[in-house]
file target.tsv (TSV, C-alpha atoms)
chain	number	residue	atom	x	y	z
P	26	MET	CA	-123.42	7.96	146.39
P	27	LYS	CA	-121.37	6.75	143.51
P	28	ASP	CA	-117.68	6.08	143.77
P	29	ARG	CA	-116.40	9.15	141.95
P	30	VAL	CA	-112.99	9.60	143.53
P	31	LEU	CA	-111.78	11.67	140.57
P	32	HIS	CA	-114.54	14.13	141.44
P	33	ALA	CA	-113.17	14.69	144.93
P	34	PRO	CA	-112.57	18.37	145.66
P	35	ASP	CA	-108.84	17.78	146.11
P	36	CYS	CA	-108.53	16.19	142.71
P	37	LEU	CA	-107.02	19.17	140.95
P	38	GLU	CA	-104.43	19.28	143.72
P	39	ARG	CA	-103.21	15.95	142.44
P	40	LEU	CA	-102.31	17.43	139.09
P	41	PRO	CA	-98.75	18.52	140.04
P	42	ALA	CA	-97.71	15.02	141.23
P	43	ILE	CA	-99.30	13.45	138.16
P	44	ASP	CA	-97.51	16.01	136.01
P	45	ASP	CA	-94.25	15.00	137.67
P	46	ALA	CA	-94.97	11.35	136.90
P	47	LEU	CA	-96.01	11.95	133.29
P	48	TYR	CA	-93.01	14.20	132.75
P	49	VAL	CA	-90.68	11.31	133.59
P	50	ILE	CA	-92.52	8.24	132.29
P	51	GLY	CA	-95.19	9.71	130.01
P	52	GLY	CA	-94.99	9.70	126.26
P	53	LYS	CA	-95.19	6.87	123.83
P	54	TRP	CA	-92.10	4.80	124.66
P	55	LYS	CA	-90.63	5.15	128.14
P	56	LEU	CA	-92.81	2.63	129.99
P	57	ARG	CA	-92.62	0.26	127.01
P	58	ILE	CA	-88.81	0.34	127.15
P	59	ILE	CA	-88.80	-0.29	130.90
P	60	ILE	CA	-91.15	-3.25	130.45
P	61	ALA	CA	-89.16	-4.59	127.52
P	62	LEU	CA	-86.14	-4.82	129.83
P	63	SER	CA	-88.08	-6.75	132.46
P	64	ASP	CA	-86.92	-10.19	131.36
P	65	GLY	CA	-83.25	-9.37	131.07
P	66	ASN	CA	-80.66	-7.01	129.64
P	67	LYS	CA	-80.96	-6.10	125.99
P	68	ARG	CA	-78.85	-4.53	123.28
P	69	PHE	CA	-79.94	-1.49	121.32
P	70	ASN	CA	-80.95	-3.50	118.24
P	71	GLU	CA	-82.91	-6.03	120.31
P	72	LEU	CA	-84.86	-3.19	121.92
P	73	GLN	CA	-85.57	-1.60	118.55
P	74	ARG	CA	-86.89	-4.93	117.25
P	75	LEU	CA	-89.13	-5.42	120.30
P	76	LEU	CA	-90.56	-1.89	120.23
P	77	LYS	CA	-92.07	-1.94	116.81
P	78	GLY	CA	-92.06	1.44	115.10
P	79	ILE	CA	-89.45	3.30	117.17
P	80	SER	CA	-86.69	5.06	115.22
P	81	ALA	CA	-83.05	4.71	116.24
P	82	ARG	CA	-82.84	8.42	117.02
P	83	VAL	CA	-85.89	8.36	119.31
P	84	LEU	CA	-84.80	5.14	121.03
P	85	SER	CA	-81.37	6.61	121.65
P	86	ASN	CA	-82.88	9.76	123.23
P	87	GLU	CA	-85.34	7.78	125.33
P	88	LEU	CA	-82.56	5.52	126.64
P	89	LYS	CA	-80.51	8.58	127.65
P	90	ASP	CA	-83.51	10.10	129.46
P	91	LEU	CA	-84.27	6.83	131.25
P	92	GLU	CA	-80.62	6.45	132.30
P	93	GLN	CA	-80.52	10.02	133.60
P	94	ASN	CA	-83.65	9.38	135.67
P	95	GLY	CA	-82.19	6.22	137.17
P	96	PHE	CA	-84.43	3.61	135.51
P	97	LEU	CA	-81.70	1.82	133.60
P	98	LYS	CA	-77.95	1.39	133.37
P	99	ARG	CA	-75.82	1.29	130.27
P	100	ILE	CA	-73.32	-1.55	130.57
P	101	VAL	CA	-70.28	-1.53	128.28
P	102	TYR	CA	-68.33	-4.76	127.80
P	103	ALA	CA	-65.14	-3.12	126.57
P	104	GLU	CA	-63.24	-6.41	126.24
P	105	ALA	CA	-65.64	-7.65	123.51
P	106	SER	CA	-64.78	-6.76	119.94
P	107	PRO	CA	-66.57	-4.71	118.84
P	108	PRO	CA	-67.41	-3.48	122.37
P	109	LEU	CA	-70.81	-4.75	123.48
P	110	VAL	CA	-73.35	-2.39	125.02
P	111	GLU	CA	-76.34	-3.62	127.01
P	112	TYR	CA	-79.13	-1.88	128.86
P	113	GLU	CA	-80.13	-3.11	132.31
P	114	ARG	CA	-83.09	-2.11	134.44
P	115	THR	CA	-82.33	-0.72	137.87
P	116	GLU	CA	-84.21	-1.53	141.05
P	117	TYR	CA	-85.65	1.96	140.93
P	118	ALA	CA	-87.64	0.91	137.85
P	119	ASP	CA	-89.43	-1.59	140.11
P	120	THR	CA	-91.05	1.31	141.97
P	121	LEU	CA	-93.27	1.62	138.87
P	122	LYS	CA	-94.92	-1.73	139.70
P	123	GLN	CA	-98.30	-0.25	140.73
P	124	VAL	CA	-98.40	2.10	137.76
P	125	VAL	CA	-97.68	-0.74	135.35
P	126	MET	CA	-100.22	-3.03	137.00
P	127	SER	CA	-103.00	-0.45	137.02
P	128	LEU	CA	-102.34	0.38	133.36
P	129	HIS	CA	-102.39	-3.32	132.55
P	130	GLU	CA	-105.68	-3.87	134.34
P	131	TRP	CA	-107.29	-0.82	132.82
P	132	GLY	CA	-106.06	-1.71	129.31
P	133	ALA	CA	-107.48	-5.23	129.59
P	134	MET	CA	-110.82	-3.88	130.89
P	135	HIS	CA	-110.97	-1.27	128.13
P	136	LYS	CA	-110.27	-3.81	125.39
P	137	LYS	CA	-113.04	-6.09	126.67
P	138	ASN	CA	-115.35	-3.10	126.77
P	139	ILE	CA	-114.50	-2.06	123.18
P	140	MET	CA	-115.08	-5.61	121.94
P	141	GLN	CA	-118.41	-5.79	123.77
P	142	ARG	CA	-119.47	-2.46	122.27
P	143	SER	CA	-118.58	-3.48	118.71
P	144	LYS	CA	-120.41	-6.81	119.19
P	145	GLU	CA	-123.51	-4.91	120.30
P	146	GLU	CA	-123.21	-2.58	117.31
P	147	MET	CA	-123.02	-5.59	114.97
P	148	VAL	CA	-126.21	-7.03	116.49
P	149	THR	CA	-127.95	-3.64	116.11
P	150	ASN	CA	-126.80	-3.41	112.49
P	151	ASP	CA	-128.02	-6.95	111.75
P	152	LYS	CA	-131.44	-6.03	113.10
P	153	GLY	CA	-131.55	-2.71	111.22
A	22	MET	CA	-86.18	-12.69	147.36
A	23	LYS	CA	-86.79	-9.13	146.37
A	24	ASP	CA	-90.16	-7.92	145.24
A	25	ARG	CA	-89.44	-7.68	141.54
A	26	VAL	CA	-92.88	-8.20	140.05
A	27	LEU	CA	-91.86	-6.51	136.82
A	28	HIS	CA	-89.25	-9.25	136.42
A	29	ALA	CA	-91.89	-11.98	136.45
A	30	PRO	CA	-91.69	-14.26	133.41
A	31	ASP	CA	-95.15	-13.22	132.26
A	32	CYS	CA	-94.28	-9.55	132.26
A	33	LEU	CA	-93.77	-9.23	128.52
A	34	GLU	CA	-97.22	-10.76	128.09
A	35	ARG	CA	-98.59	-7.66	129.77
A	36	LEU	CA	-97.25	-5.45	127.02
A	37	PRO	CA	-100.32	-5.70	124.73
A	38	ALA	CA	-102.78	-4.59	127.43
A	39	ILE	CA	-100.45	-1.78	128.47
A	40	ASP	CA	-100.11	-0.82	124.81
A	41	ASP	CA	-103.91	-0.67	124.59
A	42	ALA	CA	-104.02	1.60	127.64
A	43	LEU	CA	-101.23	3.90	126.47
A	44	TYR	CA	-102.76	4.08	123.01
A	45	VAL	CA	-105.94	5.57	124.49
A	46	ILE	CA	-104.71	7.62	127.44
A	47	GLY	CA	-100.96	7.94	126.79
A	48	GLY	CA	-99.32	11.05	125.46
A	49	LYS	CA	-98.80	14.38	127.07
A	50	TRP	CA	-102.35	15.68	127.50
A	51	LYS	CA	-105.17	13.12	127.65
A	52	LEU	CA	-105.00	12.26	131.37
A	53	ARG	CA	-104.43	15.91	132.20
A	54	ILE	CA	-107.60	16.88	130.32
A	55	ILE	CA	-109.62	14.17	132.07
A	56	ILE	CA	-108.34	15.35	135.47
A	57	ALA	CA	-108.97	19.00	134.60
A	58	LEU	CA	-112.64	18.12	134.09
A	59	SER	CA	-112.89	16.40	137.46
A	60	ASP	CA	-114.33	19.37	139.33
A	61	GLY	CA	-116.97	20.29	136.78
A	62	ASN	CA	-117.71	21.00	133.12
A	63	LYS	CA	-115.44	23.41	131.32
A	64	ARG	CA	-115.39	25.41	128.13
A	65	PHE	CA	-112.62	25.16	125.56
A	66	ASN	CA	-110.92	28.38	126.68
A	67	GLU	CA	-111.07	27.39	130.34
A	68	LEU	CA	-109.39	24.09	129.53
A	69	GLN	CA	-106.70	25.80	127.49
A	70	ARG	CA	-105.98	28.15	130.40
A	71	LEU	CA	-105.77	25.28	132.89
A	72	LEU	CA	-103.51	23.13	130.69
A	73	LYS	CA	-100.60	25.48	130.35
A	74	GLY	CA	-98.79	25.13	127.06
A	75	ILE	CA	-101.37	23.28	124.97
A	76	SER	CA	-102.16	24.79	121.55
A	77	ALA	CA	-105.77	25.22	120.38
A	78	ARG	CA	-105.22	22.74	117.55
A	79	VAL	CA	-103.82	20.04	119.84
A	80	LEU	CA	-106.51	20.60	122.48
A	81	SER	CA	-109.20	20.34	119.81
A	82	ASN	CA	-107.79	17.04	118.53
A	83	GLU	CA	-107.37	15.62	122.03
A	84	LEU	CA	-110.97	16.52	122.91
A	85	LYS	CA	-112.23	14.74	119.78
A	86	ASP	CA	-110.19	11.63	120.60
A	87	LEU	CA	-111.41	11.61	124.21
A	88	GLU	CA	-115.02	12.04	123.08
A	89	GLN	CA	-114.67	9.19	120.58
A	90	ASN	CA	-113.29	6.93	123.31
A	91	GLY	CA	-116.16	7.73	125.65
A	92	PHE	CA	-114.29	9.75	128.30
A	93	LEU	CA	-116.15	12.99	127.79
A	94	LYS	CA	-119.24	14.51	126.22
A	95	ARG	CA	-119.53	17.72	124.25
A	96	ILE	CA	-122.58	19.63	125.42
A	97	VAL	CA	-123.96	22.36	123.18
A	98	TYR	CA	-126.30	24.97	124.68
A	99	ALA	CA	-127.83	26.08	121.38
A	100	GLU	CA	-130.20	28.56	123.01
A	101	ALA	CA	-127.29	30.67	124.28
A	102	SER	CA	-126.04	33.40	121.98
A	103	PRO	CA	-123.40	32.73	120.86
A	104	PRO	CA	-124.06	29.00	121.42
A	105	LEU	CA	-122.17	27.74	124.47
A	106	VAL	CA	-120.13	24.55	124.29
A	107	GLU	CA	-118.99	22.69	127.39
A	108	TYR	CA	-117.07	19.49	127.97
A	109	GLU	CA	-118.28	17.02	130.59
A	110	ARG	CA	-116.56	13.91	131.92
A	111	THR	CA	-118.45	10.67	131.57
A	112	GLU	CA	-118.69	7.94	134.20
A	113	TYR	CA	-116.41	5.84	132.02
A	114	ALA	CA	-113.61	8.29	132.82
A	115	ASP	CA	-113.96	7.19	136.46
A	116	THR	CA	-112.67	3.74	135.52
A	117	LEU	CA	-109.26	5.43	135.33
A	118	LYS	CA	-109.29	5.98	139.12
A	119	GLN	CA	-106.59	3.39	139.90
A	120	VAL	CA	-104.36	4.57	137.07
A	121	VAL	CA	-104.62	8.19	138.23
A	122	MET	CA	-104.02	7.24	141.86
A	123	SER	CA	-100.98	5.10	141.13
A	124	LEU	CA	-99.50	7.83	138.94
A	125	HIS	CA	-100.16	10.36	141.69
A	126	GLU	CA	-98.49	8.21	144.34
A	127	TRP	CA	-95.52	7.41	142.16
A	128	GLY	CA	-95.10	11.06	141.12
A	129	ALA	CA	-95.10	12.20	144.75
A	130	MET	CA	-92.60	9.47	145.72
A	131	HIS	CA	-90.35	10.33	142.77
A	132	LYS	CA	-90.33	14.04	143.59
A	133	LYS	CA	-89.37	13.33	147.20
A	134	ASN	CA	-86.63	11.05	145.94
A	135	ILE	CA	-85.25	13.67	143.53
A	136	MET	CA	-85.24	16.31	146.27
A	137	GLN	CA	-83.47	13.93	148.64
A	138	ARG	CA	-80.87	13.16	145.98
A	139	SER	CA	-80.16	16.81	145.22
A	140	LYS	CA	-79.89	17.55	148.96
A	141	GLU	CA	-77.31	14.78	149.31
A	142	GLU	CA	-75.41	16.12	146.32
A	143	MET	CA	-75.32	19.57	147.90
A	144	VAL	CA	-73.89	18.11	151.12
A	145	THR	CA	-71.26	16.21	149.11
A	146	ASN	CA	-70.34	19.36	147.19
A	147	ASP	CA	-70.04	21.36	150.42
A	148	LYS	CA	-67.63	18.77	151.80
A	149	GLY	CA	-65.58	18.59	148.59

call {"tool": "encode", "arguments": {"input": "target.tsv", "output": "structure tokens"}}
result
Amino acid sequence: MKDRVLHAPDCLERLPAIDDALYVIGGKWKLRIIIALSDGNKRFNELQRLLKGISARVLSNELKDLEQNGFLKRIVYAEASPPLVEYERTEYADTLKQVVMSLHEWGAMHKKNIMQRSKEEMVTNDKG
Amino acid sequence: MKDRVLHAPDCLERLPAIDDALYVIGGKWKLRIIIALSDGNKRFNELQRLLKGISARVLSNELKDLEQNGFLKRIVYAEASPPLVEYERTEYADTLKQVVMSLHEWGAMHKKNIMQRSKEEMVTNDKG
């Protein structure tokens, strides 16, 4: 029998927990922001530069959501002039380790697969 | 030393593979559609009923994307009248097993955490 865990009868029962996860970290940017903060605190403009294509309005909303859900902290250095604001990951963000790793592994596998497929198509086209 | 894998120096190097993954299966619906097909083929209307809140236009686009990326097949029973169309998961969709499982585990953990937090807040409010 093939390893088709997603075909298990209880699979649809998993949907609510996966919905909960996607509700909080799904979408285009949230995980990317969390990962972008993995090598140290960053300012708003630094984050916008790292996350190519995000608008200031969207980044601002995403940061608020992530703060509210406990993934990052907004640190204000009031003594600086103008006051400096940095975003810092919390330890709670580390609970996403397995999710990030499995996405990384799958993404790498998928890319290899795509490249293999397009190589095969090129060979077929050369023969045709 | 705490287990802060996401703080590893090579973490930002993971971003491209994670980007590849999120590009293909990110967004609000794609994983949900794949999971909804885990207990058997479904017609368009069945899928729309299962995935509460998705519009016909969005579902149609998502199904095309998923087909193009090899996660599902569109099966047309031309002999039926009117012709019947069903969507079937491919084996390639099973490669997402780890991603789905880690999201499920994290979602369940997060929900427990949220409920614990709100319980604690209620106790604090009762005391105050």

call {"tool": "atom_distance", "arguments": {"input": "target.tsv", "atom1": "atom CA of A:Ser59", "atom2": "atom CA of A:Arg110"}}
result
7.1 Å

call {"tool": "closest_residue", "arguments": {"input": "target.tsv", "among": "P:Asn86, P:Asn66, P:Ser80, P:Gln73", "to": "chain A", "atoms": "all atoms listed in the file"}}
result
P:Asn66

call {"tool": "calpha_fit_and_write", "arguments": {"input": "target.tsv", "fixed": "chain A", "moving": "chain P", "output": "mmCIF file with C-alpha atoms, in the frame of the given file"}}
result
data_model
loop_
_atom_site.group_PDB
_atom_site.id
_atom_site.type_symbol
_atom_site.label_atom_id
_atom_site.label_comp_id
_atom_site.auth_asym_id
_atom_site.auth_seq_id
_atom_site.Cartn_x
_atom_site.Cartn_y
_atom_site.Cartn_z
ATOM 1 C CA MET P 26 -86.262 -12.796 147.370
ATOM 2 C CA LYS P 27 -86.907 -9.244 146.405
ATOM 3 C CA ASP P 28 -90.264 -8.025 145.232
ATOM 4 C CA ARG P 29 -89.514 -7.727 141.527
ATOM 5 C CA VAL P 30 -92.948 -8.227 140.017
ATOM 6 C CA LEU P 31 -91.885 -6.519 136.782
ATOM 7 C CA HIS P 32 -89.307 -9.286 136.423
ATOM 8 C CA ALA P 33 -91.962 -11.991 136.445
ATOM 9 C CA PRO P 34 -91.711 -14.269 133.415
ATOM 10 C CA ASP P 35 -95.170 -13.232 132.219
ATOM 11 C CA CYS P 36 -94.246 -9.581 132.240
ATOM 12 C CA LEU P 37 -93.741 -9.218 128.516
ATOM 13 C CA GLU P 38 -97.182 -10.752 128.071
ATOM 14 C CA ARG P 39 -98.556 -7.669 129.750
ATOM 15 C CA LEU P 40 -97.224 -5.438 127.016
ATOM 16 C CA PRO P 41 -100.285 -5.708 124.708
ATOM 17 C CA ALA P 42 -102.762 -4.592 127.422
ATOM 18 C CA ILE P 43 -100.432 -1.780 128.462
ATOM 19 C CA ASP P 44 -100.093 -0.805 124.813
ATOM 20 C CA ASP P 45 -103.879 -0.675 124.584
ATOM 21 C CA ALA P 46 -104.003 1.584 127.636
ATOM 22 C CA LEU P 47 -101.214 3.897 126.475
ATOM 23 C CA TYR P 48 -102.744 4.082 123.014
ATOM 24 C CA VAL P 49 -105.929 5.553 124.490
ATOM 25 C CA ILE P 50 -104.702 7.617 127.446
ATOM 26 C CA GLY P 51 -100.962 7.931 126.812
ATOM 27 C CA GLY P 52 -99.306 11.033 125.494
ATOM 28 C CA LYS P 53 -98.805 14.375 127.085
ATOM 29 C CA TRP P 54 -102.364 15.664 127.524
ATOM 30 C CA LYS P 55 -105.159 13.102 127.664
ATOM 31 C CA LEU P 56 -105.020 12.235 131.372
ATOM 32 C CA ARG P 57 -104.434 15.906 132.221
ATOM 33 C CA ILE P 58 -107.608 16.878 130.343
ATOM 34 C CA ILE P 59 -109.627 14.162 132.076
ATOM 35 C CA ILE P 60 -108.362 15.331 135.470
ATOM 36 C CA ALA P 61 -108.972 18.971 134.623
ATOM 37 C CA LEU P 62 -112.644 18.108 134.093
ATOM 38 C CA SER P 63 -112.905 16.382 137.463
ATOM 39 C CA ASP P 64 -114.350 19.357 139.319
ATOM 40 C CA GLY P 65 -116.978 20.262 136.770
ATOM 41 C CA ASN P 66 -117.706 20.991 133.128
ATOM 42 C CA LYS P 67 -115.413 23.398 131.342
ATOM 43 C CA ARG P 68 -115.360 25.422 128.155
ATOM 44 C CA PHE P 69 -112.605 25.149 125.585
ATOM 45 C CA ASN P 70 -110.878 28.363 126.695
ATOM 46 C CA GLU P 71 -111.029 27.388 130.376
ATOM 47 C CA LEU P 72 -109.363 24.069 129.558
ATOM 48 C CA GLN P 73 -106.667 25.785 127.514
ATOM 49 C CA ARG P 74 -105.944 28.134 130.426
ATOM 50 C CA LEU P 75 -105.734 25.249 132.915
ATOM 51 C CA LEU P 76 -103.472 23.096 130.734
ATOM 52 C CA LYS P 77 -100.584 25.445 130.390
ATOM 53 C CA GLY P 78 -98.752 25.122 127.091
ATOM 54 C CA ILE P 79 -101.347 23.275 124.990
ATOM 55 C CA SER P 80 -102.140 24.779 121.581
ATOM 56 C CA ALA P 81 -105.730 25.206 120.422
ATOM 57 C CA ARG P 82 -105.174 22.757 117.574
ATOM 58 C CA VAL P 83 -103.801 20.031 119.861
ATOM 59 C CA LEU P 84 -106.493 20.590 122.497
ATOM 60 C CA SER P 85 -109.173 20.357 119.838
ATOM 61 C CA ASN P 86 -107.761 17.036 118.544
ATOM 62 C CA GLU P 87 -107.352 15.611 122.034
ATOM 63 C CA LEU P 88 -110.947 16.515 122.935
ATOM 64 C CA LYS P 89 -112.208 14.753 119.790
ATOM 65 C CA ASP P 90 -110.171 11.631 120.617
ATOM 66 C CA LEU P 91 -111.393 11.612 124.220
ATOM 67 C CA GLU P 92 -115.015 12.032 123.091
ATOM 68 C CA GLN P 93 -114.663 9.201 120.580
ATOM 69 C CA ASN P 94 -113.290 6.923 123.303
ATOM 70 C CA GLY P 95 -116.161 7.740 125.638
ATOM 71 C CA PHE P 96 -114.294 9.744 128.299
ATOM 72 C CA LEU P 97 -116.141 13.004 127.789
ATOM 73 C CA LYS P 98 -119.238 14.517 126.232
ATOM 74 C CA ARG P 99 -119.510 17.708 124.258
ATOM 75 C CA ILE P 100 -122.557 19.642 125.434
ATOM 76 C CA VAL P 101 -123.934 22.386 123.184
ATOM 77 C CA TYR P 102 -126.266 24.986 124.689
ATOM 78 C CA ALA P 103 -127.799 26.095 121.402
ATOM 79 C CA GLU P 104 -130.181 28.590 123.029
ATOM 80 C CA ALA P 105 -127.253 30.720 124.308
ATOM 81 C CA SER P 106 -125.958 33.416 121.999
ATOM 82 C CA PRO P 107 -123.341 32.740 120.854
ATOM 83 C CA PRO P 108 -124.000 29.009 121.425
ATOM 84 C CA LEU P 109 -122.126 27.748 124.475
ATOM 85 C CA VAL P 110 -120.084 24.555 124.310
ATOM 86 C CA GLU P 111 -118.963 22.682 127.416
ATOM 87 C CA TYR P 112 -117.052 19.477 127.976
ATOM 88 C CA GLU P 113 -118.275 17.010 130.589
ATOM 89 C CA ARG P 114 -116.581 13.903 131.922
ATOM 90 C CA THR P 115 -118.458 10.645 131.551
ATOM 91 C CA GLU P 116 -118.702 7.924 134.165
ATOM 92 C CA TYR P 117 -116.419 5.828 132.005
ATOM 93 C CA ALA P 118 -113.601 8.267 132.817
ATOM 94 C CA ASP P 119 -113.975 7.173 136.453
ATOM 95 C CA THR P 120 -112.684 3.719 135.507
ATOM 96 C CA LEU P 121 -109.261 5.417 135.324
ATOM 97 C CA LYS P 122 -109.309 5.953 139.111
ATOM 98 C CA GLN P 123 -106.592 3.370 139.900
ATOM 99 C CA VAL P 124 -104.364 4.557 137.075
ATOM 100 C CA VAL P 125 -104.632 8.160 138.231
ATOM 101 C CA MET P 126 -104.031 7.232 141.864
ATOM 102 C CA SER P 127 -100.988 5.088 141.140
ATOM 103 C CA LEU P 128 -99.503 7.828 138.947
ATOM 104 C CA HIS P 129 -100.172 10.343 141.700
ATOM 105 C CA GLU P 130 -98.504 8.199 144.336
ATOM 106 C CA TRP P 131 -95.533 7.410 142.157
ATOM 107 C CA GLY P 132 -95.102 11.068 141.126
ATOM 108 C CA ALA P 133 -95.123 12.204 144.759
ATOM 109 C CA MET P 134 -92.609 9.480 145.722
ATOM 110 C CA HIS P 135 -90.365 10.350 142.780
ATOM 111 C CA LYS P 136 -90.365 14.062 143.595
ATOM 112 C CA LYS P 137 -89.393 13.361 147.211
ATOM 113 C CA ASN P 138 -86.652 11.084 145.952
ATOM 114 C CA ILE P 139 -85.295 13.716 143.519
ATOM 115 C CA MET P 140 -85.275 16.347 146.268
ATOM 116 C CA GLN P 141 -83.483 13.972 148.638
ATOM 117 C CA ARG P 142 -80.890 13.187 145.970
ATOM 118 C CA SER P 143 -80.194 16.851 145.194
ATOM 119 C CA LYS P 144 -79.918 17.607 148.939
ATOM 120 C CA GLU P 145 -77.345 14.830 149.278
ATOM 121 C CA GLU P 146 -75.442 16.161 146.267
ATOM 122 C CA MET P 147 -75.359 19.637 147.843
ATOM 123 C CA VAL P 148 -73.908 18.192 151.062
ATOM 124 C CA THR P 149 -71.282 16.269 149.044
ATOM 125 C CA ASN P 150 -70.398 19.425 147.111
ATOM 126 C CA ASP P 151 -70.093 21.456 150.328
ATOM 127 C CA LYS P 152 -67.666 18.886 151.694
ATOM 128 C CA GLY P 153 -65.670 18.695 148.446
#

call {"tool": "atom_distance", "arguments": {"input": "target.tsv", "atom1": "atom CA of P:Val101", "atom2": "atom CA of P:Ser85"}}
result
15.3 Å

call {"tool": "closest_residue", "arguments": {"input": "target.tsv", "among": "A:Leu87, A:Ala38, A:Ala101, A:Leu72", "to": "chain P", "atoms": "all atoms listed in the file"}}
result
A:Ala38

call {"tool": "residues_around", "arguments": {"input": "target.tsv", "residues": "P:Val125", "least_positions_apart": "5", "cutoff": "10 Å", "atoms": "all atoms listed in the file", "output": "PyMOL selection string"}}
result
(chain P and resi 56-57+59-60+119-120+130-131) or (chain A and resi 27+32+35-36+39+120+123-124)

call {"tool": "closest_residue", "arguments": {"input": "target.tsv", "among": "P:Glu116, P:Glu104, P:Glu111, P:Glu92", "to": "chain A", "atoms": "only C-alpha atoms"}}
result
P:Glu116

call {"tool": "closest_residue", "arguments": {"input": "target.tsv", "among": "P:Pro41, P:Pro107, P:Gly78, P:Gly132", "to": "chain A", "atoms": "all atoms listed in the file"}}
result
P:Gly132

call {"tool": "atom_distance", "arguments": {"input": "target.tsv", "atom1": "atom CA of P:Lys136", "atom2": "atom CA of P:Lys53"}}
result
18.5 Å

call {"tool": "closest_residue", "arguments": {"input": "target.tsv", "among": "A:Ile96, A:Ile54, A:Met143, A:Ile75", "to": "chain P", "atoms": "only C-alpha atoms"}}
result
A:Ile54

call {"tool": "closest_residue", "arguments": {"input": "target.tsv", "among": "A:Lys73, A:Arg64, A:His125, A:Arg95", "to": "chain P", "atoms": "only C-alpha atoms"}}
result
A:His125

call {"tool": "build_atoms", "arguments": {"input": "target.tsv", "residues": "stretch 80-96 of chain P", "atoms": "N, CA and C atoms", "output": "PDB file, in the coordinates of the input"}}
result
ATOM      1  N   SER P  80     -87.869   4.779 116.045  1.00  0.00           N
ATOM      2  CA  SER P  80     -86.690   5.060 115.220  1.00  0.00           C
ATOM      3  C   SER P  80     -85.448   4.996 116.106  1.00  0.00           C
ATOM      4  N   ALA P  81     -84.295   4.817 115.472  1.00  0.00           N
ATOM      5  CA  ALA P  81     -83.050   4.710 116.240  1.00  0.00           C
ATOM      6  C   ALA P  81     -82.784   6.001 117.004  1.00  0.00           C
ATOM      7  N   ARG P  82     -83.107   7.141 116.373  1.00  0.00           N
ATOM      8  CA  ARG P  82     -82.840   8.420 117.020  1.00  0.00           C
ATOM      9  C   ARG P  82     -83.696   8.568 118.291  1.00  0.00           C
ATOM     10  N   VAL P  83     -84.986   8.234 118.151  1.00  0.00           N
ATOM     11  CA  VAL P  83     -85.890   8.360 119.310  1.00  0.00           C
ATOM     12  C   VAL P  83     -85.486   7.374 120.403  1.00  0.00           C
ATOM     13  N   LEU P  84     -85.188   6.130 120.022  1.00  0.00           N
ATOM     14  CA  LEU P  84     -84.800   5.140 121.030  1.00  0.00           C
ATOM     15  C   LEU P  84     -83.550   5.606 121.774  1.00  0.00           C
ATOM     16  N   SER P  85     -82.611   6.137 121.037  1.00  0.00           N
ATOM     17  CA  SER P  85     -81.370   6.610 121.650  1.00  0.00           C
ATOM     18  C   SER P  85     -81.668   7.729 122.665  1.00  0.00           C
ATOM     19  N   ASN P  86     -82.518   8.675 122.298  1.00  0.00           N
ATOM     20  CA  ASN P  86     -82.880   9.760 123.230  1.00  0.00           C
ATOM     21  C   ASN P  86     -83.625   9.237 124.445  1.00  0.00           C
ATOM     22  N   GLU P  87     -84.557   8.319 124.223  1.00  0.00           N
ATOM     23  CA  GLU P  87     -85.340   7.780 125.330  1.00  0.00           C
ATOM     24  C   GLU P  87     -84.435   7.033 126.309  1.00  0.00           C
ATOM     25  N   LEU P  88     -83.474   6.267 125.770  1.00  0.00           N
ATOM     26  CA  LEU P  88     -82.560   5.520 126.640  1.00  0.00           C
ATOM     27  C   LEU P  88     -81.724   6.482 127.491  1.00  0.00           C
ATOM     28  N   LYS P  89     -81.276   7.576 126.882  1.00  0.00           N
ATOM     29  CA  LYS P  89     -80.510   8.580 127.650  1.00  0.00           C
ATOM     30  C   LYS P  89     -81.362   9.169 128.767  1.00  0.00           C
ATOM     31  N   ASP P  90     -82.606   9.543 128.434  1.00  0.00           N
ATOM     32  CA  ASP P  90     -83.510  10.100 129.460  1.00  0.00           C
ATOM     33  C   ASP P  90     -83.720   9.105 130.595  1.00  0.00           C
ATOM     34  N   LEU P  91     -83.983   7.851 130.233  1.00  0.00           N
ATOM     35  CA  LEU P  91     -84.270   6.830 131.250  1.00  0.00           C
ATOM     36  C   LEU P  91     -83.043   6.580 132.123  1.00  0.00           C
ATOM     37  N   GLU P  92     -81.859   6.637 131.523  1.00  0.00           N
ATOM     38  CA  GLU P  92     -80.620   6.450 132.300  1.00  0.00           C
ATOM     39  C   GLU P  92     -80.454   7.609 133.275  1.00  0.00           C
ATOM     40  N   GLN P  93     -80.664   8.819 132.777  1.00  0.00           N
ATOM     41  CA  GLN P  93     -80.520  10.020 133.600  1.00  0.00           C
ATOM     42  C   GLN P  93     -81.488   9.997 134.792  1.00  0.00           C
ATOM     43  N   ASN P  94     -82.668   9.437 134.588  1.00  0.00           N
ATOM     44  CA  ASN P  94     -83.650   9.380 135.670  1.00  0.00           C
ATOM     45  C   ASN P  94     -83.531   8.124 136.526  1.00  0.00           C
ATOM     46  N   GLY P  95     -82.492   7.342 136.281  1.00  0.00           N
ATOM     47  CA  GLY P  95     -82.190   6.220 137.170  1.00  0.00           C
ATOM     48  C   GLY P  95     -82.986   4.951 136.944  1.00  0.00           C
ATOM     49  N   PHE P  96     -83.635   4.807 135.785  1.00  0.00           N
ATOM     50  CA  PHE P  96     -84.430   3.610 135.510  1.00  0.00           C
ATOM     51  C   PHE P  96     -83.629   2.489 134.861  1.00  0.00           C
TER      52      PHE P  96
END
